[in-house]
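Just model.cif here, mmCIF, C-alpha atoms:
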```cif
data_my_file
loop_
_atom_site.label_atom_id
_atom_site.label_comp_id
_atom_site.auth_asym_id
_atom_site.auth_seq_id
_atom_site.Cartn_x
_atom_site.Cartn_y
_atom_site.Cartn_z
CA MET A 1 -1.36 -24.95 -6.20
CA SER A 2 -0.62 -21.66 -4.45
CA TYR A 3 -2.61 -19.91 -1.77
CA VAL A 4 -2.50 -16.58 -0.03
CA GLN A 5 -0.38 -16.48 3.14
CA TYR A 6 -0.96 -13.66 5.58
CA ALA A 7 1.53 -11.94 7.86
CA PRO A 8 0.57 -11.92 11.55
CA THR A 9 -2.02 -9.17 12.15
CA ARG A 10 0.12 -7.45 14.77
CA SER A 11 3.20 -7.24 12.56
CA LEU A 12 2.66 -3.58 11.51
CA THR A 13 2.70 -0.17 13.17
CA ILE A 14 2.13 3.40 11.96
CA ARG A 15 4.59 6.13 12.92
CA ASP A 16 6.44 9.17 11.59
CA SER A 17 8.38 8.51 8.39
CA LYS A 18 11.68 10.01 7.26
CA ILE A 19 10.30 9.82 3.71
CA HIS A 20 6.96 11.61 4.05
CA GLY A 21 4.47 12.26 6.85
CA ARG A 22 3.40 8.98 8.44
CA GLY A 23 4.56 5.54 7.33
CA LEU A 24 3.79 1.87 7.85
CA PHE A 25 6.55 -0.14 9.56
CA ALA A 26 7.24 -3.76 10.42
CA ARG A 27 7.26 -4.51 14.15
CA ASN A 28 9.61 -6.79 16.07
CA GLY A 29 10.52 -9.92 14.18
CA GLY A 30 9.84 -8.41 10.75
CA ILE A 31 7.71 -10.02 8.05
CA ARG A 32 8.58 -12.92 5.78
CA ALA A 33 8.66 -12.58 1.99
CA LYS A 34 5.51 -13.19 -0.08
CA ARG A 35 3.11 -12.50 2.79
CA VAL A 36 -0.08 -10.47 2.53
CA VAL A 37 0.24 -7.58 4.98
CA GLY A 38 -3.18 -6.13 4.22
CA ILE A 39 -5.91 -5.26 1.77
CA TYR A 40 -6.19 -1.76 0.33
CA GLU A 41 -9.78 -0.95 1.29
CA GLY A 42 -11.85 2.18 0.87
CA VAL A 43 -14.66 3.81 -1.02
CA THR A 44 -15.01 3.67 -4.80
CA VAL A 45 -14.19 6.92 -6.61
CA SER A 46 -15.81 7.62 -9.96
CA GLU A 47 -13.81 8.77 -12.97
CA ALA A 48 -15.97 11.91 -13.04
CA ALA A 49 -14.96 12.80 -9.47
CA ALA A 50 -11.30 12.18 -10.28
CA ALA A 51 -11.55 14.42 -13.36
CA GLN A 52 -12.99 17.25 -11.21
CA GLY A 53 -9.90 17.48 -9.02
CA TYR A 54 -10.60 14.77 -6.43
CA ASP A 55 -7.86 14.45 -3.77
CA MET A 56 -5.98 11.42 -5.12
CA ARG A 57 -3.38 11.04 -2.37
CA TYR A 58 -4.83 7.82 -0.96
CA VAL A 59 -6.23 6.33 -4.17
CA CYS A 60 -5.29 2.92 -5.55
CA MET A 61 -6.23 1.94 -9.10
CA THR A 62 -7.99 -1.37 -9.80
CA SER A 63 -9.49 -2.99 -12.88
CA ARG A 64 -12.90 -1.99 -11.50
CA GLY A 65 -12.10 1.66 -10.76
CA MET A 66 -10.38 3.66 -8.04
CA ILE A 67 -10.36 2.93 -4.30
CA ASP A 68 -9.87 5.79 -1.84
CA ALA A 69 -8.66 4.70 1.60
CA LYS A 70 -8.64 8.20 3.13
CA PRO A 71 -12.11 8.04 4.78
CA LEU A 72 -11.43 4.63 6.35
CA SER A 73 -8.96 3.34 8.89
CA CYS A 74 -7.06 1.34 6.27
CA ASN A 75 -3.43 1.08 7.42
CA MET A 76 -2.27 0.41 3.86
CA LYS A 77 -2.76 4.09 2.98
CA TYR A 78 0.37 4.85 5.04
CA ILE A 79 2.70 2.99 2.67
CA ASN A 80 5.03 5.59 1.14
CA HIS A 81 6.59 5.64 -2.32
CA ALA A 82 10.03 4.31 -3.31
CA LYS A 83 11.29 3.80 -6.85
CA GLY A 84 11.90 0.36 -8.31
CA SER A 85 14.26 -1.83 -6.32
CA LEU A 86 13.92 0.35 -3.20
CA SER A 87 10.31 -0.77 -2.82
CA ASN A 88 9.67 -3.83 -0.65
CA VAL A 89 5.94 -4.46 -1.18
CA ILE A 90 3.79 -4.94 -4.26
CA THR A 91 0.06 -4.74 -4.91
CA ARG A 92 -1.96 -7.42 -6.64
CA GLU A 93 -5.62 -7.64 -7.55
CA LEU A 94 -6.13 -11.30 -6.68
CA TYR A 95 -9.89 -11.69 -7.08
CA ALA A 96 -12.54 -10.44 -9.51
CA ASP A 97 -14.15 -8.24 -6.83
CA GLY A 98 -11.38 -5.63 -7.17
CA ARG A 99 -9.71 -6.13 -3.79
CA ILE A 100 -6.09 -5.00 -3.81
CA PHE A 101 -3.74 -7.11 -1.70
CA VAL A 102 -0.46 -5.65 -0.42
CA ILE A 103 2.24 -8.34 -0.43
CA THR A 104 5.85 -8.30 0.74
CA ALA A 105 8.26 -8.60 -2.19
CA ARG A 106 11.08 -9.69 0.11
CA ARG A 107 11.68 -10.16 3.82
CA ILE A 108 10.98 -6.94 5.73
CA ARG A 109 13.27 -6.38 8.71
CA ALA A 110 11.96 -5.26 12.10
CA GLU A 111 11.48 -1.46 12.21
CA GLU A 112 11.80 -1.22 8.39
CA GLU A 113 9.28 0.97 6.56
CA LEU A 114 7.04 -0.65 3.95
CA LEU A 115 7.53 1.06 0.57
CA LEU A 116 5.69 0.71 -2.73
CA ASP A 117 6.60 1.92 -6.20
CA TYR A 118 3.48 3.98 -7.00
CA GLY A 119 4.22 3.89 -10.73
CA VAL A 120 4.84 6.47 -13.42
CA ASP A 121 1.22 7.69 -13.69
CA TYR A 122 1.05 8.58 -9.99
CA ILE A 123 4.47 10.25 -10.04
CA TYR A 124 3.55 12.38 -13.07
CA THR A 125 0.11 13.37 -11.69
CA HIS A 126 1.57 14.46 -8.33
CA ASN A 127 4.75 16.13 -9.69
CA MET A 128 6.98 13.78 -7.69
CA GLU A 129 10.57 12.94 -8.58
#
```
I'd like the structure from this file rewritten - as structure tokens, please.
Amino acid sequence: MSYVQYAPTRSLTIRDSKIHGRGLFARNGGIRAKRVVGIYEGVTVSEAAAAQGYDMRYVCMTSRGMIDAKPLSCNMKYINHAKGSLSNVITRELYADGRIFVITARRIRAEEELLLDYGVDYIYTHNME
């Protein structure tokens, strides 16, 4: 039987990123592998709003719709993109209520930036390479 293990709440900090704008970084001591570092929380965005040019920069897709973290103080919105093996966190929808958990894919070293592969759809929509 498995259960969700959380990283210590003070294990993250937000600061300037070399990748883009602000980023989310591990603090002293780093974070062990397979630990939940946070939940991607926000307001639900309708498909109609998204189709009308909604600002999708802080949106995470779930089976129940889209979650926009921009209006809230959700630290997970500061996780920047990295392709494939360069990413060090993953997202998982663990419960039927649509919550998106951000989990370390491997050990994160102290001062290392948390990076997530946003996926092909996001890359195409935002003209990223």
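Between Lys77 of chain A and the residues A:Ala7, A:Glu93, A:Ile14, A:Asn28, the shortest atom-to-atom distance, using all atoms listed in the file, involves A:Ile14.
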Review point. So what do you get for atom CA of Val37 of chain A versus atom CA of Tyr95 of chain A, distance-wise?
Key: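 Computed distance, atom CA of Val37 of chain A to atom CA of Tyr95 of chain A, equals 16.3 Å.
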Determine the residue membership of the PyMOL selection byres ((chain A and resi 22) around 12) for the file above and supply it as a ChimeraX atom specification.
/A:13-21,23-25,75-81,113-115
Between atom CA of Val43 of chain A and atom CA of Arg27 of chain A, what is the distance, to one decimal in Å?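 These atoms are spaced 27.9 Å apart.
If you measure from each of A:Ala110, A:Val36, A:Thr44, A:Met66 to Ile90 of chain A using all atoms listed in the file, the closest one turns out to be A:Val36.
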Quiz prompt | Selection: 8 Å around Ala105 of chain A, all atoms listed in the file, excl. self and same-chain fewer than 2 positions, as a list in words | solution = Ala33, Lys34, Asn88, Val89, Ile90, Ile103 and Arg107 of chain A
Looking at A:Val102, A:Ala69, A:Ala26, A:Val45, which one is nearest to Gln5 of chain A, with distances taken over all atoms listed in the file?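 Selected residue with least distance to Gln5 of chain A: A:Val102.
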Separating atom CA of Ser73 of chain A from atom CA of Ser85 of chain A, to the nearest tenth of an Å, is a gap of 28.2 Å
Using all atoms listed in the file, which of A:Tyr6, A:Ser87, A:Arg92, A:Ile100 sits nearest Glu41 of chain A?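 Ranked by minimum distance to Glu41 of chain A, first place goes to A:Ile100.
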### Among the residues A:Asp68, A:Gln52, A:Arg10, A:Ser46, the one that comes closest to Gly29 of chain A [using only C-alpha atoms]
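That would be A:Arg10, the residue with the smallest distance to Gly29 of chain A.
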Of A:Leu86, A:Gly98, A:Ile108, A:Ile39, the one nearest to Cys74 of chain A when counting all atoms listed in the file is A:Ile39
